[in-house]
file coords14.cif (mmCIF, C-alpha atoms (C1' of nucleotides))
data_start
#
loop_
_atom_site.label_atom_id
_atom_site.label_comp_id
_atom_site.auth_asym_id
_atom_site.auth_seq_id
_atom_site.Cartn_x
_atom_site.Cartn_y
_atom_site.Cartn_z
CA MET W 1421 249.71 4.97 158.48
CA PRO W 1422 249.13 5.20 154.74
CA THR W 1423 247.21 2.08 153.87
CA ARG W 1424 245.25 -0.68 155.48
CA ALA W 1425 243.93 -2.04 152.18
CA ARG W 1426 247.44 -2.46 150.83
CA ASP W 1427 248.47 -4.80 153.62
CA ARG W 1428 245.32 -6.87 153.39
CA LEU W 1429 245.86 -7.21 149.67
CA LEU W 1430 249.47 -8.31 150.10
CA GLN W 1431 248.46 -10.81 152.77
CA ALA W 1432 245.67 -12.31 150.66
CA ALA W 1433 247.81 -12.41 147.53
CA ASP W 1434 250.64 -14.08 149.42
CA GLU W 1435 248.33 -16.85 150.62
CA LEU W 1436 246.49 -17.41 147.37
CA PHE W 1437 249.57 -17.23 145.13
CA TYR W 1438 251.37 -19.78 147.28
CA GLU W 1439 248.38 -22.12 147.47
CA GLU W 1440 247.22 -22.04 143.85
CA GLY W 1441 250.04 -20.52 141.86
CA ILE W 1442 250.36 -16.99 140.56
CA ASN W 1443 248.76 -17.66 137.20
CA GLY W 1444 246.04 -19.68 138.88
CA VAL W 1445 244.64 -16.74 140.84
CA GLY W 1446 242.72 -13.99 139.04
CA LEU W 1447 242.16 -10.48 140.28
CA GLU W 1448 238.56 -11.24 141.18
CA ARG W 1449 239.63 -13.90 143.69
CA LEU W 1450 242.23 -11.51 145.07
CA LEU W 1451 239.68 -8.77 145.66
CA THR W 1452 236.94 -10.90 147.21
CA HIS W 1453 239.41 -12.79 149.40
CA SER W 1454 240.97 -9.58 150.67
CA GLY W 1455 237.78 -7.48 150.81
CA VAL W 1456 239.49 -4.76 148.84
CA GLY W 1457 237.92 -2.67 146.12
CA ARG W 1458 239.10 -3.10 142.58
CA ALA W 1459 240.34 0.46 142.26
CA SER W 1460 242.37 0.21 145.46
CA LEU W 1461 244.53 -2.41 143.87
CA TYR W 1462 245.51 -0.02 141.12
CA ARG W 1463 245.98 2.84 143.57
CA HIS W 1464 248.72 0.90 145.36
CA PHE W 1465 250.18 -1.15 142.51
CA ASP W 1466 250.78 -0.63 138.81
CA GLY W 1467 249.05 -3.93 138.02
CA LYS W 1468 249.24 -7.60 138.77
CA ASP W 1469 252.92 -7.90 137.87
CA ASP W 1470 253.78 -5.15 140.31
CA LEU W 1471 251.67 -6.84 142.98
CA VAL W 1472 253.47 -10.12 142.36
CA SER W 1473 256.84 -8.45 142.84
CA ALA W 1474 255.67 -6.80 146.05
CA VAL W 1475 254.37 -10.11 147.37
CA LEU W 1476 257.66 -11.85 146.66
CA GLU W 1477 259.70 -9.08 148.31
CA ARG W 1478 257.46 -9.29 151.35
CA ARG W 1479 257.68 -13.07 151.49
CA ASP W 1480 261.46 -12.95 151.22
CA GLU W 1481 261.67 -10.74 154.28
CA HIS W 1482 259.12 -12.68 156.31
CA TRP W 1483 260.47 -16.09 155.39
CA ARG W 1484 264.08 -15.31 156.20
CA GLN W 1485 263.04 -13.76 159.49
CA TRP W 1486 261.08 -16.90 160.28
CA LEU W 1487 264.11 -19.05 159.40
CA ARG W 1488 266.42 -17.00 161.60
CA GLU W 1489 264.05 -17.29 164.54
CA ARG W 1490 263.59 -21.03 164.19
CA VAL W 1491 267.30 -21.74 163.69
CA GLU W 1492 268.12 -19.65 166.74
CA ALA W 1493 265.48 -21.46 168.78
CA LEU W 1494 267.00 -24.77 167.69
CA GLY W 1495 270.46 -23.79 168.90
CA GLY W 1496 271.87 -21.78 166.01
CA ALA W 1497 274.03 -24.52 164.53
CA PRO W 1498 274.27 -24.69 160.71
CA LEU W 1499 272.56 -28.08 160.60
CA ALA W 1500 269.53 -26.60 162.36
CA VAL W 1501 268.38 -25.10 159.07
CA PHE W 1502 267.23 -28.56 157.99
CA ASP W 1503 265.30 -29.07 161.21
CA ALA W 1504 263.68 -25.68 160.72
CA LEU W 1505 262.71 -26.51 157.16
CA ALA W 1506 261.24 -29.81 158.34
CA GLU W 1507 259.13 -27.92 160.86
CA GLY W 1508 257.86 -25.62 158.14
CA ALA W 1509 257.05 -28.52 155.86
CA ARG W 1510 254.82 -30.07 158.50
CA ASP W 1511 252.36 -27.25 157.93
CA SER W 1512 249.41 -28.57 155.94
CA ALA W 1513 249.71 -25.52 153.71
CA PHE W 1514 253.28 -26.42 152.76
CA ARG W 1515 253.69 -26.34 149.01
CA GLY W 1516 257.43 -26.04 148.53
CA CYS W 1517 259.45 -22.90 147.95
CA ALA W 1518 257.36 -19.99 146.70
CA PHE W 1519 260.32 -18.62 144.74
CA ILE W 1520 261.12 -21.87 142.99
CA ASN W 1521 257.44 -22.25 142.16
CA ALA W 1522 257.15 -18.68 140.90
CA MET W 1523 260.24 -19.11 138.75
CA ALA W 1524 258.91 -22.38 137.40
CA GLU W 1525 255.62 -20.94 136.23
CA MET W 1526 256.71 -17.45 135.16
CA ALA W 1527 260.22 -17.74 133.82
CA LYS W 1528 260.24 -17.33 130.10
CA GLU W 1529 263.13 -14.91 130.24
CA PRO W 1530 265.80 -15.04 132.96
CA GLY W 1531 265.62 -11.24 133.05
CA SER W 1532 262.06 -11.05 134.34
CA ALA W 1533 261.34 -9.40 137.67
CA VAL W 1534 260.18 -12.69 139.17
CA HIS W 1535 263.35 -14.49 138.19
CA ARG W 1536 265.51 -11.67 139.51
CA LEU W 1537 263.67 -11.65 142.86
CA ALA W 1538 264.01 -15.42 143.15
CA VAL W 1539 267.76 -15.27 142.50
CA GLU W 1540 268.14 -12.50 145.06
CA HIS W 1541 266.21 -14.51 147.61
CA LYS W 1542 268.39 -17.57 147.09
CA ARG W 1543 271.51 -15.45 147.40
CA LYS W 1544 270.32 -13.89 150.67
CA VAL W 1545 269.52 -17.30 152.11
CA ALA W 1546 272.95 -18.56 151.05
CA ASP W 1547 274.58 -15.55 152.72
CA TYR W 1548 272.73 -16.29 155.93
CA VAL W 1549 273.74 -19.95 155.88
CA ARG W 1550 277.33 -18.94 155.20
CA GLY W 1551 277.19 -16.77 158.33
CA LEU W 1552 275.97 -19.71 160.38
CA ILE W 1553 278.81 -21.87 159.11
CA GLU W 1554 281.40 -19.19 159.79
CA ASP W 1555 280.06 -18.64 163.30
CA ALA W 1556 280.43 -22.36 163.93
CA GLY W 1557 284.11 -22.05 163.05
CA HIS W 1558 284.18 -24.24 159.97
CA THR W 1559 286.66 -23.61 157.18
CA GLY W 1560 285.56 -23.16 153.59
CA ALA W 1561 282.28 -21.52 154.56
CA PRO W 1562 281.47 -20.12 151.09
CA GLU W 1563 281.68 -23.52 149.42
CA LEU W 1564 279.87 -25.21 152.29
CA ALA W 1565 277.06 -22.64 152.09
CA GLU W 1566 276.55 -23.35 148.40
CA GLN W 1567 276.37 -27.05 149.14
CA PHE W 1568 273.94 -26.47 152.00
CA THR W 1569 271.57 -24.40 149.89
CA LEU W 1570 271.63 -27.00 147.14
CA LEU W 1571 270.67 -29.62 149.72
CA MET W 1572 267.95 -27.35 151.10
CA ASP W 1573 266.40 -26.76 147.70
CA GLY W 1574 266.62 -30.43 146.81
CA ALA W 1575 264.94 -31.39 150.06
CA VAL W 1576 262.19 -28.78 149.66
CA VAL W 1577 261.38 -29.92 146.13
CA THR W 1578 261.41 -33.59 147.13
CA ALA W 1579 259.27 -32.87 150.17
CA MET W 1580 256.74 -31.07 148.00
CA SER W 1581 256.30 -34.07 145.72
CA GLU W 1582 256.51 -36.78 148.37
CA ARG W 1583 254.50 -34.89 150.98
CA SER W 1584 256.95 -35.92 153.66
CA VAL W 1585 259.57 -34.43 155.95
CA GLU W 1586 261.87 -37.39 155.37
CA PRO W 1587 263.89 -35.54 152.66
CA PHE W 1588 265.03 -33.02 155.26
CA ARG W 1589 266.46 -35.84 157.38
CA ARG W 1590 268.33 -37.17 154.33
CA ALA W 1591 269.62 -33.70 153.42
CA ARG W 1592 270.73 -33.12 156.99
CA GLN W 1593 272.70 -36.37 157.03
CA MET W 1594 274.52 -35.39 153.87
CA ALA W 1595 275.23 -31.93 155.26
CA GLU W 1596 276.61 -33.52 158.42
CA ARG W 1597 279.08 -35.43 156.30
CA LEU W 1598 280.30 -32.20 154.72
CA LEU W 1599 281.20 -30.72 158.10
CA SER W 1600 283.31 -33.68 159.24
CA MET E 50 249.42 -45.48 111.20
CA PRO E 51 246.52 -43.90 113.04
CA THR E 52 247.62 -40.33 113.48
CA ARG E 53 250.13 -37.87 112.22
CA ALA E 54 248.43 -34.84 113.80
CA ARG E 55 248.57 -36.38 117.25
CA ASP E 56 252.35 -36.65 117.24
CA ARG E 57 252.82 -33.15 115.92
CA LEU E 58 250.53 -31.86 118.63
CA LEU E 59 252.41 -33.70 121.37
CA GLN E 60 255.73 -32.46 120.05
CA ALA E 61 254.59 -28.84 119.87
CA ALA E 62 252.92 -29.00 123.28
CA ASP E 63 256.03 -30.52 124.82
CA GLU E 64 258.20 -27.69 123.54
CA LEU E 65 255.83 -24.85 124.36
CA PHE E 66 254.81 -26.14 127.80
CA TYR E 67 258.44 -26.53 128.79
CA GLU E 68 259.46 -23.13 127.45
CA GLU E 69 256.57 -21.01 128.71
CA GLY E 70 254.78 -23.08 131.31
CA ILE E 71 251.58 -25.04 130.94
CA ASN E 72 249.26 -22.24 132.02
CA GLY E 73 251.19 -19.82 129.88
CA VAL E 74 250.31 -21.53 126.60
CA GLY E 75 246.78 -21.31 125.24
CA LEU E 76 245.20 -23.67 122.76
CA GLU E 77 245.53 -21.13 119.96
CA ARG E 78 249.31 -21.13 120.27
CA LEU E 79 249.30 -24.91 120.40
CA LEU E 80 247.32 -25.19 117.18
CA THR E 81 249.22 -22.63 115.14
CA HIS E 82 252.60 -23.90 116.33
CA SER E 83 251.70 -27.48 115.46
CA GLY E 84 249.69 -26.77 112.32
CA VAL E 85 246.85 -28.89 113.64
CA GLY E 86 243.18 -28.12 113.32
CA ARG E 87 241.20 -27.28 116.40
CA ALA E 88 238.90 -30.26 116.08
CA SER E 89 241.80 -32.69 115.75
CA LEU E 90 242.91 -31.81 119.25
CA TYR E 91 239.57 -32.93 120.66
CA ARG E 92 239.53 -36.04 118.49
CA HIS E 93 242.73 -37.30 120.11
CA PHE E 94 242.39 -35.82 123.59
CA ASP E 95 239.55 -35.12 125.99
CA GLY E 96 240.79 -31.58 126.47
CA LYS E 97 243.80 -29.61 127.59
CA ASP E 98 244.21 -31.52 130.84
CA ASP E 99 244.32 -34.80 128.97
CA LEU E 100 246.85 -33.36 126.55
CA VAL E 101 248.99 -32.20 129.45
CA SER E 102 249.00 -35.70 130.94
CA ALA E 103 249.93 -37.22 127.58
CA VAL E 104 252.77 -34.75 127.17
CA LEU E 105 254.16 -35.54 130.61
CA GLU E 106 253.97 -39.30 130.01
CA ARG E 107 255.77 -38.87 126.72
CA ARG E 108 258.43 -36.64 128.25
CA ASP E 109 259.00 -39.12 131.06
CA GLU E 110 259.76 -41.87 128.55
CA HIS E 111 261.93 -39.71 126.30
CA TRP E 112 263.85 -38.07 129.11
CA ARG E 113 264.70 -41.29 130.92
CA GLN E 114 265.80 -42.88 127.65
CA TRP E 115 268.01 -39.87 127.01
CA LEU E 116 269.49 -40.14 130.51
CA ARG E 117 270.20 -43.85 130.09
CA GLU E 118 271.98 -43.22 126.78
CA ARG E 119 274.09 -40.38 128.10
CA VAL E 120 275.04 -42.20 131.29
CA GLU E 121 276.02 -45.26 129.30
CA ALA E 122 278.09 -43.14 126.92
CA LEU E 123 279.84 -41.61 129.92
CA GLY E 124 280.83 -44.99 131.31
CA GLY E 125 277.77 -46.13 133.22
CA ALA E 126 279.02 -45.22 136.70
CA PRO E 127 276.46 -43.79 139.15
CA LEU E 128 278.25 -40.44 139.32
CA ALA E 129 277.83 -40.07 135.56
CA VAL E 130 274.23 -38.97 136.09
CA PHE E 131 275.50 -35.59 137.24
CA ASP E 132 277.69 -35.23 134.17
CA ALA E 133 274.73 -36.14 131.99
CA LEU E 134 272.52 -33.57 133.70
CA ALA E 135 275.21 -30.94 133.23
CA GLU E 136 275.29 -31.74 129.53
CA GLY E 137 271.53 -31.30 129.32
CA ALA E 138 271.64 -28.03 131.21
CA ARG E 139 274.07 -26.58 128.67
CA ASP E 140 271.23 -26.52 126.16
CA SER E 141 270.01 -22.95 125.73
CA ALA E 142 266.46 -24.25 126.07
CA PHE E 143 267.19 -25.67 129.52
CA ARG E 144 264.56 -24.55 131.97
CA GLY E 145 264.87 -27.03 134.80
CA CYS E 146 262.82 -30.17 135.37
CA ALA E 147 259.52 -30.14 133.49
CA PHE E 148 257.88 -32.23 136.22
CA ILE E 149 258.98 -30.00 139.08
CA ASN E 150 257.82 -27.00 137.08
CA ALA E 151 254.49 -28.61 136.24
CA MET E 152 253.93 -29.56 139.85
CA ALA E 153 254.83 -26.05 140.96
CA GLU E 154 252.29 -24.36 138.75
CA MET E 155 249.45 -26.90 138.81
CA ALA E 156 249.51 -28.56 142.18
CA LYS E 157 246.62 -27.38 144.24
CA GLU E 158 245.73 -30.91 145.31
CA PRO E 159 248.37 -33.62 145.66
CA GLY E 160 245.88 -35.98 144.02
CA SER E 161 245.87 -34.23 140.66
CA ALA E 162 246.97 -36.08 137.54
CA VAL E 163 249.96 -33.79 137.10
CA HIS E 164 251.17 -34.36 140.65
CA ARG E 165 250.74 -38.11 140.31
CA LEU E 166 252.69 -38.18 137.03
CA ALA E 167 255.47 -36.11 138.56
CA VAL E 168 255.76 -38.44 141.54
CA GLU E 169 255.83 -41.48 139.26
CA HIS E 170 258.54 -39.88 137.15
CA LYS E 171 260.69 -39.17 140.19
CA ARG E 172 260.21 -42.72 141.42
CA LYS E 173 261.24 -44.21 138.06
CA VAL E 174 264.36 -42.06 137.96
CA ALA E 175 265.20 -43.11 141.52
CA ASP E 176 264.76 -46.77 140.53
CA TYR E 177 267.13 -46.30 137.60
CA VAL E 178 269.75 -44.62 139.78
CA ARG E 179 269.41 -47.38 142.36
CA GLY E 180 270.15 -49.89 139.60
CA LEU E 181 273.29 -47.99 138.65
CA ILE E 182 274.47 -47.99 142.25
CA GLU E 183 273.76 -51.70 142.66
CA ASP E 184 275.60 -52.51 139.43
CA ALA E 185 278.60 -50.63 140.76
CA GLY E 186 278.61 -52.92 143.78
CA HIS E 187 277.86 -50.39 146.50
CA THR E 188 276.01 -51.35 149.66
CA GLY E 189 272.91 -49.53 150.80
CA ALA E 190 271.78 -48.79 147.26
CA PRO E 191 268.19 -47.79 148.16
CA GLU E 192 269.30 -45.10 150.61
CA LEU E 193 272.05 -43.91 148.29
CA ALA E 194 269.59 -43.63 145.41
CA GLU E 195 267.29 -41.40 147.47
CA GLN E 196 270.26 -39.21 148.34
CA PHE E 197 271.36 -39.06 144.72
CA THR E 198 267.94 -37.99 143.46
CA LEU E 199 267.71 -35.31 146.12
CA LEU E 200 271.08 -33.99 144.93
CA MET E 201 269.95 -34.19 141.33
CA ASP E 202 266.78 -32.20 141.97
CA GLY E 203 268.64 -29.66 144.06
CA ALA E 204 271.21 -29.19 141.33
CA VAL E 205 268.57 -28.86 138.60
CA VAL E 206 266.63 -26.23 140.54
CA THR E 207 269.79 -24.29 141.39
CA ALA E 208 270.99 -24.50 137.79
CA MET E 209 267.66 -23.14 136.58
CA SER E 210 267.93 -20.05 138.76
CA GLU E 211 271.67 -19.48 138.41
CA ARG E 212 271.82 -20.36 134.71
CA SER E 213 274.97 -22.36 135.26
CA VAL E 214 276.21 -25.95 135.23
CA GLU E 215 278.27 -25.36 138.35
CA PRO E 216 275.57 -26.84 140.66
CA PHE E 217 276.02 -30.22 138.97
CA ARG E 218 279.70 -30.19 139.84
CA ARG E 219 278.85 -29.40 143.46
CA ALA E 220 276.21 -32.11 143.59
CA ARG E 221 278.60 -34.61 142.08
CA GLN E 222 281.22 -33.85 144.70
CA MET E 223 278.73 -34.46 147.46
CA ALA E 224 277.59 -37.69 145.84
CA GLU E 225 281.20 -38.81 145.57
CA ARG E 226 281.53 -38.41 149.31
CA LEU E 227 278.54 -40.67 149.88
CA LEU E 228 280.16 -43.51 147.97
CA SER E 229 283.42 -43.45 149.94
"C1'" DC V 985 233.17 20.64 162.22
"C1'" DG V 986 234.15 20.68 157.22
"C1'" DA V 987 237.34 19.37 153.49
"C1'" DT V 988 240.11 15.97 151.56
"C1'" DT V 989 241.44 11.55 150.81
"C1'" DT V 990 240.83 6.76 150.81
"C1'" DC V 991 237.80 3.38 150.72
"C1'" DG V 992 234.51 -0.81 148.76
"C1'" DG V 993 231.52 -1.72 144.95
"C1'" DT V 994 229.92 -1.82 140.29
"C1'" DA V 995 229.63 -1.37 135.48
"C1'" DC V 996 232.25 -1.74 131.80
"C1'" DC V 997 236.16 -2.69 128.15
"C1'" DG V 998 238.86 -5.64 124.65
"C1'" DA V 999 241.37 -9.87 124.71
"C1'" DT V 1000 241.88 -14.46 125.52
"C1'" DC V 1001 240.63 -18.61 127.80
"C1'" DG V 1002 238.94 -23.80 126.99
"C1'" DG V 1003 235.49 -26.00 124.32
"C1'" DT V 1004 231.78 -27.13 120.45
"C1'" DA V 1005 229.83 -27.32 115.84
"C1'" DC V 1006 230.30 -27.41 111.18
"C1'" DC V 1007 232.66 -26.90 107.20
"C1'" DA V 1008 235.50 -28.25 102.62
"C1'" DT V 1009 239.55 -30.80 101.57
"C1'" DC V 1010 242.63 -34.43 101.43
"C1'" DT V 1011 244.24 -39.00 102.36
"C1'" DT V 1012 243.51 -43.74 102.32
"C1'" DG V 1013 241.86 -48.54 102.16
"C1'" DG V 1014 238.60 -51.81 100.06
"C1'" DC H 982 238.07 -45.62 91.63
"C1'" DC H 983 235.22 -44.32 95.05
"C1'" DA H 984 233.40 -44.24 99.64
"C1'" DA H 985 234.86 -43.53 104.52
"C1'" DG H 986 237.42 -41.25 107.61
"C1'" DA H 987 240.83 -37.98 109.14
"C1'" DT H 988 242.42 -33.49 108.44
"C1'" DG H 989 243.07 -28.01 108.65
"C1'" DG H 990 240.31 -23.95 109.01
"C1'" DT H 991 236.70 -20.97 110.65
"C1'" DA H 992 232.92 -19.20 113.20
"C1'" DC H 993 231.10 -19.17 117.40
"C1'" DC H 994 230.04 -19.93 122.57
"C1'" DG H 995 230.09 -18.52 127.71
"C1'" DA H 996 233.50 -17.52 131.07
"C1'" DT H 997 237.26 -15.23 132.74
"C1'" DC H 998 241.38 -12.63 132.13
"C1'" DG H 999 243.85 -7.87 133.37
"C1'" DG H 1000 242.66 -3.14 133.36
"C1'" DT H 1001 239.86 1.57 133.42
"C1'" DA H 1002 236.31 4.82 134.86
"C1'" DC H 1003 233.24 6.38 138.07
"C1'" DC H 1004 230.32 6.27 142.10
"C1'" DG H 1005 228.71 7.14 147.05
"C1'" DA H 1006 230.25 6.03 151.65
"C1'" DA H 1007 233.59 6.14 155.17
"C1'" DA H 1008 237.50 7.51 157.37
"C1'" DT H 1009 240.97 10.91 158.18
"C1'" DC H 1010 242.79 15.29 159.47
"C1'" DG H 1011 243.30 20.34 159.85
#
call {"tool": "encode", "arguments": {"input": "coords14.cif", "output": "structure tokens"}}
result
Amino acid sequence: MPTRARDRLLQAADELFYEEGINGVGLERLLTHSGVGRASLYRHFDGKDDLVSAVLERRDEHWRQWLRERVEALGGAPLAVFDALAEGARDSAFRGCAFINAMAEMAKEPGSAVHRLAVEHKRKVADYVRGLIEDAGHTGAPELAEQFTLLMDGAVVTAMSERSVEPFRRARQMAERLLS
Amino acid sequence: MPTRARDRLLQAADELFYEEGINGVGLERLLTHSGVGRASLYRHFDGKDDLVSAVLERRDEHWRQWLRERVEALGGAPLAVFDALAEGARDSAFRGCAFINAMAEMAKEPGSAVHRLAVEHKRKVADYVRGLIEDAGHTGAPELAEQFTLLMDGAVVTAMSERSVEPFRRARQMAERLLS
DNA sequence: CGATTTCGGTACCGATCGGTACCATCTTGG
DNA sequence: CCAAGATGGTACCGATCGGTACCGAAATCG
């Protein structure tokens, strides 16, 4: 396999960026925390911006896979997404949505790579939720999926500030109403 | 009056922090954009962190006053908050909620000044919304207010990424359901 | 095994960070 | 009118930023 250093770097960057923000983590911290040499970073990435994009792409894949697994384990119903999110928010390292956070601290222009990756992530999540709603046999799945994702984002942001899983219960109740 | 430089500095910092993020604006930019001397900053504030706190306190006051005025102009019904937010999001300078953004880029510890100010802001907004719901004669105002603020935050975050006011319409529809 | 590549580590670079000290100027109140 | 204080501007500080060049060691592979 091509690289071992690349994966360690992505793993370390993913953790540190999520914990302390992208702008809050310098290259030095990245290198010491990953045990990777300075030059190796530039062998695998064009620079920090490129590393940031790679980290977000990786996190998108991992996070959506995690969501699929948890939702399936919880029965596969559309409303299970809120229970899954609540589980994730119980983690002491929970700090909200990495894509919302990245957009919040980077987005000067809506055309930046970070903003584009965040929008793509949200769209993919919405597509997945729409699939869940369709599989459950509900009508108006596209509109319902948009409402679900709005509730999910609202709950995640509220949970980040309140440090509680209660917002996911509230969001789930509202979502339940939409299905009836 | 004590200071003219202080107000200019707060005004400039408020604009620049919101547009480019707190960590994305250095003191140099602050000083040139406000026309304030370097020493004046440290005469009125203990440092950048103190300035950030002052900016957030000021924005909390201004923003909630703006919301009250717009809601009143729109009739004063609870659902009007979503119409007011949509109006605000039409501004080309709209970049989401300054407190969510600040929390997203600063919050390592939930005990930081920024996090505390953001939580206080959200609580004050929730209290205001609860008052609107009570005035409209609905039962269960506290729970409804929590649901409303979750919808508001979800809509603001979605609007920031999608660059659209459509999320406010969706959120309003869901809120309407809660009142029936 | 030897050759090639990838590796971790270090020394640098210019730029900018937040912060301090000291100006000359301008406003302002007694 | 004149002293006291606030102001804008500049020079400077150590630290850190992202990024480049180069090294010897280690792993990889033919």
call {"tool": "resolve_selection", "arguments": {"input": "coords14.cif", "expression": "the PyMOL selection byres ((chain H) within 12 of (chain W))", "output": "list in words"}}
result
DT997, DC998, DG999, DG1000, DT1001, DA1002, DC1003, DC1004, DA1008 and DT1009 of chain H
call {"tool": "write_last_selection", "arguments": {"input": "coords14.cif", "atoms": "C-alpha atoms (C1' of nucleotides)", "output": "PDB file, keeping the file's coordinate frame"}}
result
ATOM      1  C1'  DT H 997     237.260 -15.230 132.740  1.00  0.00           C
ATOM      2  C1'  DC H 998     241.380 -12.630 132.130  1.00  0.00           C
ATOM      3  C1'  DG H 999     243.850  -7.870 133.370  1.00  0.00           C
ATOM      4  C1'  DG H1000     242.660  -3.140 133.360  1.00  0.00           C
ATOM      5  C1'  DT H1001     239.860   1.570 133.420  1.00  0.00           C
ATOM      6  C1'  DA H1002     236.310   4.820 134.860  1.00  0.00           C
ATOM      7  C1'  DC H1003     233.240   6.380 138.070  1.00  0.00           C
ATOM      8  C1'  DC H1004     230.320   6.270 142.100  1.00  0.00           C
ATOM      9  C1'  DA H1008     237.500   7.510 157.370  1.00  0.00           C
ATOM     10  C1'  DT H1009     240.970  10.910 158.180  1.00  0.00           C
TER      11       DT H1009
END
call {"tool": "resolve_selection", "arguments": {"input": "coords14.cif", "expression": "the PyMOL selection byres ((chain V) within 9 of (chain E))", "output": "VMD selection string"}}
result
chain V and resid 1000 to 1004
call {"tool": "resolve_selection", "arguments": {"input": "coords14.cif", "expression": "the PyMOL selection byres ((chain E and resi 53) around 12)", "output": "VMD selection string"}}
result
(chain E and resid 50 to 52 54 to 60 83 to 85 89 to 90 93) or (chain V and resid 1011) or (chain H and resid 987 to 988)
call {"tool": "residues_around", "arguments": {"input": "coords14.cif", "residues": "region 125-135 of chain E", "least_positions_apart": "5", "cutoff": "6 Å", "atoms": "only C-alpha atoms (C1' of nucleotides)", "output": "PyMOL selection string"}}
result
chain E and resi 119-120+181-182+214+217+221
call {"tool": "atom_distance", "arguments": {"input": "coords14.cif", "atom1": "CA of Ser1584 (chain W)", "atom2": "CA of Lys1542 (chain W)"}}
result
22.6 Å
call {"tool": "closest_residue", "arguments": {"input": "coords14.cif", "among": "W:Arg1484, W:Arg1478, W:His1558, W:Lys1528", "to": "chain E", "atoms": "all atoms listed in the file"}}
result
W:Lys1528
call {"tool": "decode", "arguments": {"input": "coords14.cif", "residues": "region 1481-1495 of chain W", "atoms": "N, CA and C atoms", "output": "tab-separated table (two decimals), in the first residue's frame"}}
result
chain	number	residue	atom	x	y	z
W	1481	GLU	N	-17.41	10.40	4.41
W	1481	GLU	CA	-17.59	8.96	4.18
W	1481	GLU	C	-17.79	8.21	5.49
W	1482	HIS	N	-16.87	8.43	6.44
W	1482	HIS	CA	-16.92	7.70	7.69
W	1482	HIS	C	-18.21	7.99	8.47
W	1483	TRP	N	-18.57	9.28	8.50
W	1483	TRP	CA	-19.72	9.67	9.31
W	1483	TRP	C	-21.01	9.09	8.75
W	1484	ARG	N	-21.16	9.15	7.43
W	1484	ARG	CA	-22.40	8.61	6.86
W	1484	ARG	C	-22.46	7.09	6.98
W	1485	GLN	N	-21.29	6.46	6.92
W	1485	GLN	CA	-21.29	5.01	7.14
W	1485	GLN	C	-21.69	4.70	8.58
W	1486	TRP	N	-21.16	5.48	9.51
W	1486	TRP	CA	-21.53	5.30	10.91
W	1486	TRP	C	-23.03	5.50	11.10
W	1487	LEU	N	-23.59	6.53	10.48
W	1487	LEU	CA	-25.02	6.80	10.61
W	1487	LEU	C	-25.85	5.65	10.06
W	1488	ARG	N	-25.46	5.15	8.89
W	1488	ARG	CA	-26.20	4.03	8.30
W	1488	ARG	C	-26.20	2.83	9.23
W	1489	GLU	N	-25.03	2.54	9.79
W	1489	GLU	CA	-24.94	1.37	10.68
W	1489	GLU	C	-25.82	1.54	11.92
W	1490	ARG	N	-25.75	2.72	12.52
W	1490	ARG	CA	-26.53	2.93	13.75
W	1490	ARG	C	-28.03	2.91	13.46
W	1491	VAL	N	-28.43	3.57	12.38
W	1491	VAL	CA	-29.86	3.59	12.03
W	1491	VAL	C	-30.36	2.18	11.77
W	1492	GLU	N	-29.55	1.40	11.07
W	1492	GLU	CA	-29.95	0.02	10.78
W	1492	GLU	C	-30.08	-0.78	12.07
W	1493	ALA	N	-29.09	-0.57	12.98
W	1493	ALA	CA	-29.13	-1.29	14.25
W	1493	ALA	C	-30.34	-0.89	15.09
W	1494	LEU	N	-30.84	0.31	14.86
W	1494	LEU	CA	-31.98	0.80	15.64
W	1494	LEU	C	-33.32	0.48	14.96
W	1495	GLY	N	-33.28	-0.27	13.87
W	1495	GLY	CA	-34.50	-0.70	13.23
W	1495	GLY	C	-34.70	-0.18	11.82
